[in-house]
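> Take a look at data.cif, mmCIF, C-alpha atoms and all ligand atoms:
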```cif
data_work
#
loop_
_atom_site.label_atom_id
_atom_site.label_comp_id
_atom_site.auth_asym_id
_atom_site.auth_seq_id
_atom_site.Cartn_x
_atom_site.Cartn_y
_atom_site.Cartn_z
CA MET A 1 23.50 16.28 0.82
CA ASP A 2 22.86 15.55 4.50
CA ILE A 3 19.37 14.30 5.36
CA LEU A 4 17.65 12.90 8.42
CA ALA A 5 16.46 9.31 7.93
CA ALA A 6 15.11 6.37 9.91
CA VAL A 7 17.58 3.57 9.17
CA THR A 8 16.59 -0.09 9.62
CA PRO A 9 19.90 -1.43 10.96
CA ALA A 10 19.21 -5.18 11.20
CA GLN A 11 16.39 -7.74 11.42
CA SER A 12 13.55 -6.73 13.79
CA GLU A 13 15.62 -3.93 15.31
CA ASP A 14 14.15 -0.53 16.05
CA PHE A 15 14.39 2.16 13.40
CA SER A 16 17.30 4.51 14.13
CA VAL A 17 16.82 8.17 13.21
CA GLU A 18 20.15 9.63 12.12
CA THR A 19 21.94 11.89 9.67
CA ILE A 20 22.97 10.18 6.42
CA GLN A 21 23.68 11.39 2.88
CA ILE A 22 21.64 11.36 -0.36
CA ASP A 23 23.07 11.78 -3.90
CA ASP A 24 22.19 14.43 -6.42
CA PRO A 25 19.72 13.07 -8.98
CA ARG A 26 21.21 11.18 -11.92
CA PRO A 27 19.54 11.09 -15.37
CA GLY A 28 15.88 10.11 -15.01
CA GLU A 29 15.87 10.53 -11.22
CA VAL A 30 13.73 12.92 -9.18
CA ARG A 31 14.70 14.03 -5.67
CA VAL A 32 11.76 14.88 -3.45
CA LYS A 33 11.64 16.92 -0.26
CA VAL A 34 9.42 14.62 1.77
CA ILE A 35 6.63 16.30 3.73
CA ALA A 36 5.09 13.14 5.19
CA THR A 37 5.28 9.36 4.65
CA GLY A 38 2.71 6.70 5.50
CA MET A 39 3.73 3.46 7.18
CA CYS A 40 2.49 0.31 5.44
CA HIS A 41 2.41 -3.23 6.80
CA THR A 42 4.99 -4.13 4.15
CA ASP A 43 7.58 -1.84 5.80
CA LEU A 44 7.30 -3.93 8.96
CA VAL A 45 7.36 -7.25 7.06
CA VAL A 46 10.68 -6.12 5.58
CA ARG A 47 12.04 -4.73 8.87
CA ASP A 48 11.43 -8.23 10.27
CA GLN A 49 13.05 -9.78 7.13
CA TYR A 50 10.14 -11.98 6.04
CA LEU A 51 11.28 -10.69 2.66
CA PRO A 52 15.06 -10.60 2.17
CA VAL A 53 15.72 -6.91 1.49
CA PRO A 54 19.39 -6.17 2.26
CA LEU A 55 20.06 -4.11 5.42
CA PRO A 56 20.99 -1.56 6.64
CA ALA A 57 18.37 0.20 4.57
CA VAL A 58 15.96 3.08 4.66
CA LEU A 59 12.41 1.77 4.17
CA GLY A 60 9.25 3.83 3.66
CA HIS A 61 7.20 3.83 0.47
CA GLU A 62 4.19 6.10 0.89
CA ALA A 63 5.67 9.58 0.53
CA ALA A 64 4.14 12.90 -0.38
CA GLY A 65 6.36 15.89 -0.94
CA ILE A 66 7.68 18.60 -3.21
CA VAL A 67 10.11 18.05 -6.09
CA ASP A 68 13.49 19.38 -5.01
CA ALA A 69 15.70 18.56 -8.03
CA VAL A 70 15.42 16.55 -11.23
CA GLY A 71 18.05 14.67 -13.22
CA VAL A 72 18.88 15.14 -16.90
CA GLY A 73 16.07 14.08 -19.23
CA VAL A 74 13.20 14.35 -16.76
CA GLN A 75 10.28 16.04 -18.52
CA LYS A 76 7.18 15.11 -16.50
CA LEU A 77 8.21 17.01 -13.37
CA LYS A 78 9.98 20.17 -12.27
CA PRO A 79 11.16 21.54 -8.91
CA GLY A 80 8.24 22.83 -6.84
CA ASP A 81 5.69 20.30 -8.13
CA HIS A 82 3.61 18.60 -5.44
CA VAL A 83 3.95 14.83 -5.77
CA VAL A 84 3.11 11.40 -4.40
CA MET A 85 5.77 8.69 -4.72
CA THR A 86 4.87 5.16 -5.77
CA PHE A 87 6.36 1.96 -7.22
CA ASP A 88 8.38 1.58 -10.42
CA SER A 89 9.03 -1.31 -12.82
CA CYS A 90 11.72 -2.51 -15.25
CA HIS A 91 10.26 -0.88 -18.43
CA GLN A 92 11.55 -3.79 -20.52
CA CYS A 93 9.36 -6.87 -19.95
CA PRO A 94 6.03 -7.83 -21.64
CA GLY A 95 3.96 -6.60 -18.64
CA CYS A 96 5.68 -3.20 -18.77
CA HIS A 97 5.36 -2.93 -22.56
CA GLU A 98 1.64 -3.68 -22.30
CA GLY A 99 1.14 -1.01 -19.61
CA ASP A 100 0.59 -3.50 -16.75
CA THR A 101 3.60 -2.33 -14.77
CA VAL A 102 2.38 -3.93 -11.51
CA TYR A 103 2.86 -7.30 -13.22
CA CYS A 104 6.41 -6.46 -14.29
CA ASP A 105 8.66 -9.55 -14.49
CA ASP A 106 10.97 -7.86 -11.99
CA PHE A 107 8.44 -6.01 -9.79
CA LEU A 108 9.85 -7.48 -6.57
CA GLY A 109 13.43 -6.98 -7.72
CA VAL A 110 12.97 -3.34 -8.73
CA ASN A 111 10.89 -2.34 -5.71
CA LEU A 112 12.08 -4.50 -2.85
CA LEU A 113 14.87 -6.98 -3.29
CA SER A 114 17.59 -4.97 -5.05
CA ALA A 115 17.40 -1.98 -2.68
CA ALA A 116 19.65 -0.12 -5.10
CA ARG A 117 19.63 1.53 -8.51
CA PRO A 118 19.56 -0.79 -11.56
CA ASP A 119 23.38 -0.47 -11.78
CA GLY A 120 23.78 -1.63 -8.17
CA THR A 121 24.76 1.73 -6.67
CA THR A 122 22.69 3.20 -3.84
CA THR A 123 21.32 6.73 -3.63
CA LEU A 124 22.05 6.77 0.13
CA SER A 125 25.19 6.46 2.21
CA ARG A 126 26.41 7.08 5.77
CA ASN A 127 29.78 8.77 5.78
CA GLY A 128 30.92 6.59 2.87
CA GLU A 129 29.25 3.36 4.03
CA VAL A 130 26.50 1.87 1.81
CA ILE A 131 22.93 2.35 3.05
CA HIS A 132 20.47 0.36 0.93
CA SER A 133 18.03 2.60 -0.87
CA ASN A 134 15.42 2.68 -3.64
CA PHE A 135 12.90 0.80 -1.49
CA PHE A 136 9.84 0.98 -3.79
CA GLN A 137 11.93 3.64 -5.57
CA GLN A 138 11.58 5.85 -2.49
CA SER A 139 13.21 4.92 0.85
CA SER A 140 11.07 7.72 2.19
CA PHE A 141 11.31 7.42 5.98
CA ALA A 142 13.55 10.45 5.47
CA THR A 143 13.50 14.18 4.88
CA TYR A 144 14.47 13.65 1.21
CA ALA A 145 13.90 10.65 -1.06
CA MET A 146 15.00 9.72 -4.58
CA GLY A 147 12.43 8.48 -7.08
CA THR A 148 12.33 8.16 -10.84
CA GLU A 149 10.34 10.06 -13.44
CA GLU A 150 7.98 7.07 -13.64
CA SER A 151 7.51 6.54 -9.90
CA VAL A 152 6.81 10.16 -8.94
CA ILE A 153 3.23 11.28 -9.58
CA LYS A 154 2.19 14.93 -9.87
CA VAL A 155 -0.80 15.92 -7.71
CA PRO A 156 -2.84 19.13 -7.42
CA LYS A 157 -1.50 21.85 -5.11
CA ASP A 158 -4.82 22.64 -3.42
CA VAL A 159 -5.02 19.38 -1.42
CA ASP A 160 -3.28 18.92 1.94
CA LEU A 161 0.01 17.21 0.96
CA GLU A 162 0.47 15.68 4.42
CA ILE A 163 -2.31 13.15 3.91
CA LEU A 164 -1.57 12.07 0.33
CA GLY A 165 1.38 9.65 0.71
CA PRO A 166 -0.62 6.47 1.38
CA LEU A 167 -2.31 6.91 -2.00
CA GLY A 168 1.01 5.59 -3.36
CA CYS A 169 0.58 2.12 -1.80
CA GLY A 170 -1.98 0.93 0.76
CA ILE A 171 -4.87 3.10 -0.31
CA GLN A 172 -4.49 2.70 -4.06
CA THR A 173 -4.10 -1.03 -3.43
CA GLY A 174 -7.43 -1.43 -1.62
CA ALA A 175 -9.35 1.02 -3.79
CA GLY A 176 -7.81 -0.28 -7.00
CA ALA A 177 -8.54 -3.92 -6.11
CA VAL A 178 -12.21 -2.95 -6.25
CA MET A 179 -12.30 -0.23 -8.92
CA ASN A 180 -9.72 -1.71 -11.33
CA SER A 181 -9.27 -5.42 -10.60
CA LEU A 182 -12.63 -6.83 -9.53
CA ALA A 183 -14.72 -4.01 -11.05
CA PRO A 184 -17.99 -5.12 -9.41
CA GLU A 185 -21.13 -4.09 -11.24
CA ALA A 186 -23.54 -1.79 -9.36
CA GLY A 187 -25.82 -3.83 -7.12
CA SER A 188 -23.39 -6.73 -6.71
CA THR A 189 -22.20 -8.01 -3.32
CA ILE A 190 -18.71 -8.03 -1.81
CA ALA A 191 -17.01 -9.25 1.38
CA VAL A 192 -13.73 -7.70 2.53
CA PHE A 193 -11.59 -9.71 4.94
CA GLY A 194 -9.33 -7.45 7.00
CA ALA A 195 -10.35 -3.86 7.79
CA GLY A 196 -6.88 -2.33 7.93
CA SER A 197 -6.03 0.58 5.66
CA VAL A 198 -6.13 -1.66 2.59
CA GLY A 199 -9.46 -3.33 3.42
CA LEU A 200 -11.09 -0.06 4.49
CA SER A 201 -10.00 1.58 1.22
CA ALA A 202 -11.64 -1.32 -0.61
CA ILE A 203 -14.83 -0.73 1.38
CA MET A 204 -14.90 2.97 0.47
CA ALA A 205 -14.39 2.02 -3.18
CA ALA A 206 -17.15 -0.61 -3.02
CA ARG A 207 -19.52 2.15 -1.96
CA VAL A 208 -18.28 4.40 -4.78
CA VAL A 209 -19.00 1.74 -7.42
CA GLY A 210 -22.43 0.92 -5.95
CA CYS A 211 -22.14 -2.51 -4.35
CA SER A 212 -25.43 -3.32 -2.61
CA LYS A 213 -24.06 -5.46 0.22
CA ILE A 214 -20.60 -4.63 1.57
CA ILE A 215 -19.56 -7.06 4.30
CA ALA A 216 -16.51 -6.21 6.44
CA VAL A 217 -14.76 -8.95 8.44
CA ASP A 218 -12.22 -8.14 11.17
CA LEU A 219 -11.35 -9.09 14.74
CA MET A 220 -11.13 -5.53 16.05
CA PRO A 221 -14.42 -3.87 17.02
CA GLY A 222 -13.01 -0.37 16.39
CA ARG A 223 -12.09 -1.24 12.83
CA LEU A 224 -15.51 -2.74 12.20
CA GLU A 225 -17.05 0.50 13.46
CA MET A 226 -14.86 2.44 11.04
CA ALA A 227 -15.88 0.05 8.25
CA LYS A 228 -19.53 0.89 8.93
CA GLU A 229 -18.81 4.59 8.87
CA LEU A 230 -17.08 4.21 5.50
CA GLY A 231 -19.77 2.16 3.78
CA ALA A 232 -19.98 -1.41 5.10
CA THR A 233 -23.60 -2.57 5.24
CA HIS A 234 -22.72 -5.56 7.48
CA THR A 235 -19.81 -6.27 9.85
CA LEU A 236 -18.67 -9.64 11.12
CA SER A 237 -16.13 -10.81 13.67
CA PRO A 238 -14.79 -14.37 13.53
CA GLU A 239 -15.15 -14.35 17.32
CA ASP A 240 -18.94 -14.28 16.95
CA GLY A 241 -19.23 -17.50 14.93
CA ASP A 242 -18.62 -19.01 11.51
CA VAL A 243 -17.96 -16.14 9.11
CA VAL A 244 -18.68 -18.11 5.94
CA GLU A 245 -22.08 -19.24 7.25
CA ALA A 246 -22.91 -15.68 8.25
CA ILE A 247 -22.04 -14.40 4.74
CA LEU A 248 -24.17 -17.11 3.12
CA SER A 249 -27.03 -16.12 5.39
CA ILE A 250 -26.67 -12.39 4.58
CA THR A 251 -26.75 -13.21 0.84
CA GLY A 252 -29.79 -15.51 0.97
CA GLY A 253 -27.67 -18.66 0.80
CA SER A 254 -25.85 -17.90 -2.45
CA GLY A 255 -22.61 -16.23 -1.27
CA VAL A 256 -21.02 -12.99 -2.41
CA ASN A 257 -20.16 -12.10 -6.00
CA TYR A 258 -16.75 -10.73 -4.93
CA SER A 259 -14.39 -11.07 -1.99
CA LEU A 260 -11.02 -9.64 -1.03
CA GLU A 261 -8.37 -11.15 1.25
CA ALA A 262 -6.47 -8.34 3.02
CA THR A 263 -5.13 -10.08 6.15
CA ALA A 264 -2.34 -12.29 4.71
CA ILE A 265 -3.62 -15.23 6.82
CA SER A 266 -4.05 -18.49 4.90
CA THR A 267 -7.14 -19.66 6.81
CA VAL A 268 -8.80 -16.30 6.13
CA PHE A 269 -7.96 -16.65 2.43
CA ARG A 270 -9.79 -20.00 2.49
CA GLN A 271 -12.85 -18.29 4.01
CA ALA A 272 -12.71 -15.59 1.34
CA VAL A 273 -12.96 -18.32 -1.33
CA ASP A 274 -15.55 -20.43 0.52
CA CYS A 275 -17.99 -17.51 0.82
CA LEU A 276 -18.14 -16.89 -2.98
CA ALA A 277 -21.27 -17.36 -5.05
CA LEU A 278 -21.06 -19.37 -8.28
CA ARG A 279 -18.98 -17.35 -10.78
CA GLY A 280 -17.70 -15.26 -7.88
CA VAL A 281 -14.18 -13.81 -7.84
CA CYS A 282 -11.82 -13.66 -4.85
CA GLY A 283 -8.96 -11.15 -5.03
CA LEU A 284 -5.87 -11.94 -2.97
CA ILE A 285 -4.05 -8.87 -1.63
CA GLY A 286 -2.50 -9.93 1.72
CA LEU A 287 1.25 -10.46 1.54
CA PRO A 288 2.29 -13.42 3.76
CA PRO A 289 5.84 -14.67 4.41
CA ALA A 290 7.36 -16.25 1.27
CA GLY A 291 6.34 -19.93 0.85
CA THR A 292 2.99 -19.71 2.69
CA GLU A 293 0.57 -22.38 1.37
CA VAL A 294 -3.23 -22.76 1.46
CA THR A 295 -5.70 -25.61 0.82
CA LEU A 296 -8.85 -25.07 -1.25
CA ASP A 297 -11.86 -27.26 -2.07
CA MET A 298 -11.29 -28.16 -5.73
CA VAL A 299 -14.95 -28.89 -6.54
CA HIS A 300 -16.06 -25.60 -4.98
CA LEU A 301 -13.58 -23.74 -7.17
CA LEU A 302 -14.39 -25.73 -10.29
CA LEU A 303 -17.97 -24.43 -10.32
CA GLY A 304 -16.96 -21.24 -12.08
CA ARG A 305 -15.24 -19.47 -9.21
CA THR A 306 -12.02 -17.50 -9.74
CA VAL A 307 -9.11 -16.65 -7.45
CA ARG A 308 -6.71 -13.94 -8.58
CA GLY A 309 -3.73 -12.21 -7.07
CA ILE A 310 -3.70 -8.41 -7.14
CA VAL A 311 -0.64 -6.16 -6.96
CA GLU A 312 -1.11 -2.48 -6.03
CA GLY A 313 -4.75 -2.62 -7.07
CA ASP A 314 -3.77 -2.85 -10.76
CA SER A 315 -3.08 0.86 -10.46
CA LYS A 316 -1.76 3.03 -13.28
CA PRO A 317 -0.71 5.68 -10.79
CA ASP A 318 -0.38 8.69 -13.11
CA THR A 319 -4.13 8.56 -13.69
CA PHE A 320 -5.49 6.52 -10.76
CA ILE A 321 -4.03 8.63 -7.92
CA PRO A 322 -5.55 11.89 -9.29
CA LYS A 323 -8.89 10.05 -9.64
CA LEU A 324 -8.80 9.08 -5.97
CA ILE A 325 -7.94 12.67 -5.01
CA GLU A 326 -10.97 13.91 -6.97
CA LEU A 327 -13.24 11.40 -5.21
CA TYR A 328 -11.77 12.57 -1.88
CA ARG A 329 -12.53 16.20 -2.79
CA GLN A 330 -16.12 15.24 -3.51
CA GLY A 331 -16.40 13.61 -0.07
CA ARG A 332 -16.90 10.17 -1.64
CA PHE A 333 -13.53 8.70 -0.61
CA PRO A 334 -12.77 10.05 2.88
CA PHE A 335 -9.45 8.24 3.38
CA ASP A 336 -8.25 10.96 5.77
CA LYS A 337 -10.36 9.23 8.45
CA LEU A 338 -7.81 6.37 8.52
CA ILE A 339 -4.84 8.62 9.35
CA SER A 340 -2.96 9.35 12.62
CA PHE A 341 0.10 11.62 12.54
CA TYR A 342 3.48 11.05 14.23
CA ASP A 343 6.78 12.92 14.09
CA LEU A 344 9.63 11.05 12.37
CA LYS A 345 11.44 10.74 15.70
CA ASP A 346 8.49 8.70 17.01
CA ILE A 347 8.64 6.14 14.20
CA ASN A 348 9.06 3.17 16.56
CA GLN A 349 5.95 4.20 18.47
CA ALA A 350 4.10 4.49 15.15
CA ALA A 351 5.21 0.95 14.22
CA HIS A 352 4.10 -0.37 17.59
CA ASP A 353 0.72 1.35 17.40
CA SER A 354 0.21 0.04 13.87
CA GLU A 355 1.07 -3.53 14.86
CA THR A 356 -1.21 -3.49 17.88
CA GLY A 357 -4.06 -1.98 15.88
CA VAL A 358 -4.20 1.22 17.94
CA VAL A 359 -4.00 3.22 14.71
CA ILE A 360 -5.01 2.29 11.17
CA LYS A 361 -2.66 4.35 9.00
CA PRO A 362 0.23 6.12 10.73
CA ILE A 363 1.78 8.99 8.79
CA LEU A 364 5.20 10.33 9.76
CA ARG A 365 5.71 14.08 9.47
CA MET A 366 9.22 15.08 8.48
CA PRO A 367 11.07 17.85 10.32
CA HIS A 368 12.19 20.62 7.98
N1 LIG B 401 -0.81 -6.91 -2.88
C1 LIG B 401 -0.29 -5.70 -2.71
O1 LIG B 401 0.12 -5.06 -3.67
C2 LIG B 401 -0.23 -5.10 -1.35
C3 LIG B 401 -0.01 -3.71 -1.19
C4 LIG B 401 -0.07 -3.16 0.11
C5 LIG B 401 -0.29 -3.99 1.19
N2 LIG B 401 -0.44 -5.34 0.99
C6 LIG B 401 -0.72 -6.26 2.09
O2 LIG B 401 -2.11 -6.14 2.40
C7 LIG B 401 -2.33 -6.60 3.74
C8 LIG B 401 -3.19 -5.59 4.50
O3 LIG B 401 -2.47 -4.39 4.73
P1 LIG B 401 -2.95 -3.38 5.86
O4 LIG B 401 -1.99 -2.25 5.85
O5 LIG B 401 -4.39 -3.08 5.70
O6 LIG B 401 -2.70 -4.30 7.14
P2 LIG B 401 -3.33 -4.27 8.61
O7 LIG B 401 -2.46 -5.16 9.43
O8 LIG B 401 -3.59 -2.87 9.04
O9 LIG B 401 -4.77 -4.97 8.43
C9 LIG B 401 -5.02 -6.35 8.54
C10 LIG B 401 -6.34 -6.53 9.28
O10 LIG B 401 -6.66 -7.92 9.33
C11 LIG B 401 -7.34 -8.16 10.53
N3 LIG B 401 -7.38 -9.58 10.87
C12 LIG B 401 -6.44 -10.32 11.52
N4 LIG B 401 -6.87 -11.59 11.66
C13 LIG B 401 -8.11 -11.65 11.09
C14 LIG B 401 -9.05 -12.69 10.92
N5 LIG B 401 -8.83 -13.94 11.37
N6 LIG B 401 -10.21 -12.40 10.27
C15 LIG B 401 -10.45 -11.15 9.80
N7 LIG B 401 -9.58 -10.12 9.95
C16 LIG B 401 -8.43 -10.38 10.58
C17 LIG B 401 -6.58 -7.31 11.54
O11 LIG B 401 -7.36 -7.09 12.71
C18 LIG B 401 -6.31 -6.04 10.74
O12 LIG B 401 -7.31 -5.06 10.95
C19 LIG B 401 -0.92 -6.79 4.34
O13 LIG B 401 -0.61 -8.16 4.27
C20 LIG B 401 -0.04 -5.99 3.41
O14 LIG B 401 1.31 -6.45 3.41
C21 LIG B 401 -0.41 -5.89 -0.24
ZN ZN B 402 8.91 -4.96 -16.33
ZN ZN B 403 2.86 -0.82 0.96
#
```
Represent the supplied structure as structure tokens.

Amino acid sequence: MDILAAVTPAQSEDFSVETIQIDDPRPGEVRVKVIATGMCHTDLVVRDQYLPVPLPAVLGHEAAGIVDAVGVGVQKLKPGDHVVMTFDSCHQCPGCHEGDTVYCDDFLGVNLLSAARPDGTTTLSRNGEVIHSNFFQQSSFATYAMGTEESVIKVPKDVDLEILGPLGCGIQTGAGAVMNSLAPEAGSTIAVFGAGSVGLSAIMAARVVGCSKIIAVDLMPGRLEMAKELGATHTLSPEDGDVVEAILSITGGSGVNYSLEATAISTVFRQAVDCLALRGVCGLIGLPPAGTEVTLDMVHLLLGRTVRGIVEGDSKPDTFIPKLIELYRQGRFPFDKLISFYDLKDINQAAHDSETGVVIKPILRMPH
């Protein structure tokens, strides 16, 4: 079937919106008519080939839409269901068997590096030529996208579908890092480094779980303002002085119980560890270029502090995404404040505005 898609032709080149073809769903697959897709920093990291995803490919991995057709054997979904698309996993490794699919042995292979079905075929083509597909089991910078029964999540029909796509990656990542991974007890303190869509989602979640001090750190004044609106009790810019000292001062000299690194900058990661109280936990979310290293003070860490990596906020999407939607409905998780809409044809402008910090979470509306 012909679809309109934004193809990434080669490293760091502009997205090219053109007509290509998508397959009919095979067993276990679910084809979705995409209504709107969020743009995540990871799409741009891959466009620029800091991670070696084969090109030409269709990227995009924060889609919301309506099920168009399902393959043989699919039971969870039927045509007409409203859905959010998210990641998948191999279903065969210990992490998958134990329900921790974000720590699948082949998470990067399935979602990024293979850019194809498990058998090596692609769901997309351009007049017979291979177009790499299955990016996060979506490739959803397009009017239609192919997911799997596991990666497509049913959502209620009474919520505006256009805003829901980012729940499938950036927003569940930030919120889940707090609500699932760190799970701060009410009254505890947290510092969030990086107030992009991931960090701001973490800040909203920190308010939901009842953190008493929520410290946002970012360079951009507009994002710090947004952080305050969403629940930050304190905001800090590295341009105004030593961030670690400021956090120690805000917490009476002890440091924060929890911190999150959501900038992907190694020196910021170091600050996120240095500002921890004894027994504090730092969650690492930022995705830097492969091979990036960091130095830490061993004695500081030895005194009971923990550093842990977090993938997709430890989300179990079938239950976590509906939970976030319910919190949104109650006005306790107003993630719509992060969103700016663009038409698919303006995808390069959206990428530019995201990279320059003009917008926090661009969402591309698909023409239908
Ligand atoms: N681990 C995962 O599963 C996962 C999932 C989604 C996204 N990510 C990654 O999370 C990171 C954040 O994503 P995002 O969409 O929010 O990105 P973003 O670029 O919108 O946000 C990053 C923020 O960091 C700020 N920043 C830059 N330098 C800083 C400094 N020195 N101190 C403090 N703040 C600084 C920027 O101003 C920006 O607001 C990215 O690296 C992304 O690839 C990881
Ligand atoms: Zn697995
Ligand atoms: Zn993402």
> Return as a ChimeraX atom specification every polymer residue, whether protein, DNA or RNA, with at least one atom no more than 6 Å from an atom of ligand ZN 403 (chain B); count all atoms listed in the file.
/A:40,42,169-170
> Ranking A:Arg126, A:Arg117, A:Arg47, A:Lys78 by minimum distance to Asp2 of chain A and counting only C-alpha atoms, which one comes first?
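Closest residue, counting only C-alpha atoms: A:Arg126.
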> Would you work out the distance separating atom CA of Pro184 of chain A from atom CA of Glu62 of chain A, expressed in Å to one decimal?
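Atom CA of Pro184 of chain A sits 26.9 Å away from atom CA of Glu62 of chain A.
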> Could you pull the residues within 6 Å of Ala116 of chain A, counting only C-alpha atoms, minus those fewer than 4 positions along the same chain, as a JSON list (two decimals) with C-alpha atoms, in the frame of the given file?

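Contents of the output file part.json:
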```json
[["chain", "number", "residue", "atom", "x", "y", "z"],
["A", 120, "GLY", "CA", 23.78, -1.63, -8.17],
["A", 121, "THR", "CA", 24.76, 1.73, -6.67],
["A", 122, "THR", "CA", 22.69, 3.20, -3.84],
["A", 133, "SER", "CA", 18.03, 2.60, -0.87],
["A", 134, "ASN", "CA", 15.42, 2.68, -3.64]]
```
> Please build the interface table for segment 73-144 of chain A against segment 7-28 of chain A with a cut-off of 9 Å, listing for each qualifying residue the nearest atom pair and the distance in Å to one decimal; count all atoms listed in the file, order rows by chain and increasing number, and write it as a tab-separated table.

```
residue	atom	partner	partner_atom	distance
A:Gly73	CA	A:Gly28	CA	5.8
A:Val74	CA	A:Gly28	CA	5.3
A:Gln75	CA	A:Gly28	CA	8.9
A:Thr122	CA	A:Asp23	CA	8.6
A:Thr123	CA	A:Asp23	CA	5.4
A:Leu124	CA	A:Ile22	CA	4.6
A:Ser125	CA	A:Gln21	CA	5.2
A:Arg126	CA	A:Ile20	CA	4.7
A:Asn127	CA	A:Ile20	CA	7.0
A:Gly128	CA	A:Gln21	CA	8.7
A:Ile131	CA	A:Val7	CA	8.2
A:Phe141	CA	A:Val7	CA	8.0
A:Ala142	CA	A:Val17	CA	8.7
A:Tyr144	CA	A:Ile22	CA	7.7
```
> Taking a cut-off of 10 Å and counting only C-alpha atoms and all ligand atoms, can you build a table that, for each residue of chain A near ligand ZN 402 (chain B), reports the nearest atom pair and how far apart they are in Å (one decimal), sorted by chain then residue number, as JSON lines?

```
{"residue": "A:Asp88", "atom": "CA", "partner": "B:ZN402", "partner_atom": "ZN", "distance": 8.8}
{"residue": "A:Ser89", "atom": "CA", "partner": "B:ZN402", "partner_atom": "ZN", "distance": 5.1}
{"residue": "A:Cys90", "atom": "CA", "partner": "B:ZN402", "partner_atom": "ZN", "distance": 3.9}
{"residue": "A:His91", "atom": "CA", "partner": "B:ZN402", "partner_atom": "ZN", "distance": 4.8}
{"residue": "A:Gln92", "atom": "CA", "partner": "B:ZN402", "partner_atom": "ZN", "distance": 5.1}
{"residue": "A:Cys93", "atom": "CA", "partner": "B:ZN402", "partner_atom": "ZN", "distance": 4.1}
{"residue": "A:Pro94", "atom": "CA", "partner": "B:ZN402", "partner_atom": "ZN", "distance": 6.7}
{"residue": "A:Gly95", "atom": "CA", "partner": "B:ZN402", "partner_atom": "ZN", "distance": 5.7}
{"residue": "A:Cys96", "atom": "CA", "partner": "B:ZN402", "partner_atom": "ZN", "distance": 4.4}
{"residue": "A:His97", "atom": "CA", "partner": "B:ZN402", "partner_atom": "ZN", "distance": 7.5}
{"residue": "A:Glu98", "atom": "CA", "partner": "B:ZN402", "partner_atom": "ZN", "distance": 9.5}
{"residue": "A:Gly99", "atom": "CA", "partner": "B:ZN402", "partner_atom": "ZN", "distance": 9.3}
{"residue": "A:Asp100", "atom": "CA", "partner": "B:ZN402", "partner_atom": "ZN", "distance": 8.5}
{"residue": "A:Thr101", "atom": "CA", "partner": "B:ZN402", "partner_atom": "ZN", "distance": 6.1}
{"residue": "A:Val102", "atom": "CA", "partner": "B:ZN402", "partner_atom": "ZN", "distance": 8.2}
{"residue": "A:Tyr103", "atom": "CA", "partner": "B:ZN402", "partner_atom": "ZN", "distance": 7.2}
{"residue": "A:Cys104", "atom": "CA", "partner": "B:ZN402", "partner_atom": "ZN", "distance": 3.6}
{"residue": "A:Asp105", "atom": "CA", "partner": "B:ZN402", "partner_atom": "ZN", "distance": 5.0}
{"residue": "A:Asp106", "atom": "CA", "partner": "B:ZN402", "partner_atom": "ZN", "distance": 5.6}
{"residue": "A:Phe107", "atom": "CA", "partner": "B:ZN402", "partner_atom": "ZN", "distance": 6.6}
{"residue": "A:Gly109", "atom": "CA", "partner": "B:ZN402", "partner_atom": "ZN", "distance": 9.9}
{"residue": "A:Val110", "atom": "CA", "partner": "B:ZN402", "partner_atom": "ZN", "distance": 8.8}
```
> Report as a Markdown table the residues of chain A within 7 Å of ligand LIG 401 (chain B), each with its shortest atom pair and distance in Å (one decimal), using all atoms listed in the file, ordered by chain and increasing residue number.

```
| residue | atom | partner | partner_atom | distance |
| --- | --- | --- | --- | --- |
| A:Cys40 | CA | B:LIG401 | O4 | 5.2 |
| A:His41 | CA | B:LIG401 | O4 | 4.6 |
| A:Thr42 | CA | B:LIG401 | O14 | 4.4 |
| A:Cys169 | CA | B:LIG401 | C4 | 5.7 |
| A:Gly170 | CA | B:LIG401 | C4 | 4.6 |
| A:Thr173 | CA | B:LIG401 | C3 | 5.4 |
| A:Phe193 | CA | B:LIG401 | C15 | 5.2 |
| A:Gly194 | CA | B:LIG401 | O10 | 3.6 |
| A:Ala195 | CA | B:LIG401 | O12 | 4.5 |
| A:Gly196 | CA | B:LIG401 | O9 | 3.4 |
| A:Ser197 | CA | B:LIG401 | O5 | 4.0 |
| A:Val198 | CA | B:LIG401 | O5 | 3.8 |
| A:Gly199 | CA | B:LIG401 | O5 | 5.6 |
| A:Val217 | CA | B:LIG401 | C15 | 5.0 |
| A:Asp218 | CA | B:LIG401 | N7 | 3.5 |
| A:Leu219 | CA | B:LIG401 | O11 | 4.9 |
| A:Met220 | CA | B:LIG401 | O11 | 5.3 |
| A:Arg223 | CA | B:LIG401 | O12 | 6.4 |
| A:Ser237 | CA | B:LIG401 | C15 | 6.9 |
| A:Pro238 | CA | B:LIG401 | N6 | 6.0 |
| A:Ala262 | CA | B:LIG401 | C8 | 4.5 |
| A:Thr263 | CA | B:LIG401 | O10 | 4.1 |
| A:Ala264 | CA | B:LIG401 | O13 | 4.5 |
| A:Ile265 | CA | B:LIG401 | N4 | 6.9 |
| A:Val268 | CA | B:LIG401 | N5 | 5.7 |
| A:Ile285 | CA | B:LIG401 | N1 | 4.0 |
| A:Gly286 | CA | B:LIG401 | O13 | 3.6 |
| A:Leu287 | CA | B:LIG401 | O13 | 4.0 |
| A:Pro288 | CA | B:LIG401 | O13 | 6.0 |
| A:Ile310 | CA | B:LIG401 | N1 | 5.4 |
| A:Val311 | CA | B:LIG401 | O1 | 3.6 |
| A:Glu312 | CA | B:LIG401 | O1 | 3.7 |
| A:Gly313 | CA | B:LIG401 | O1 | 6.4 |
| A:Ser354 | CA | B:LIG401 | O8 | 6.8 |
| A:Glu355 | CA | B:LIG401 | O7 | 6.7 |
| A:Gly357 | CA | B:LIG401 | O12 | 6.7 |
| A:Ile360 | CA | B:LIG401 | O8 | 5.8 |
```
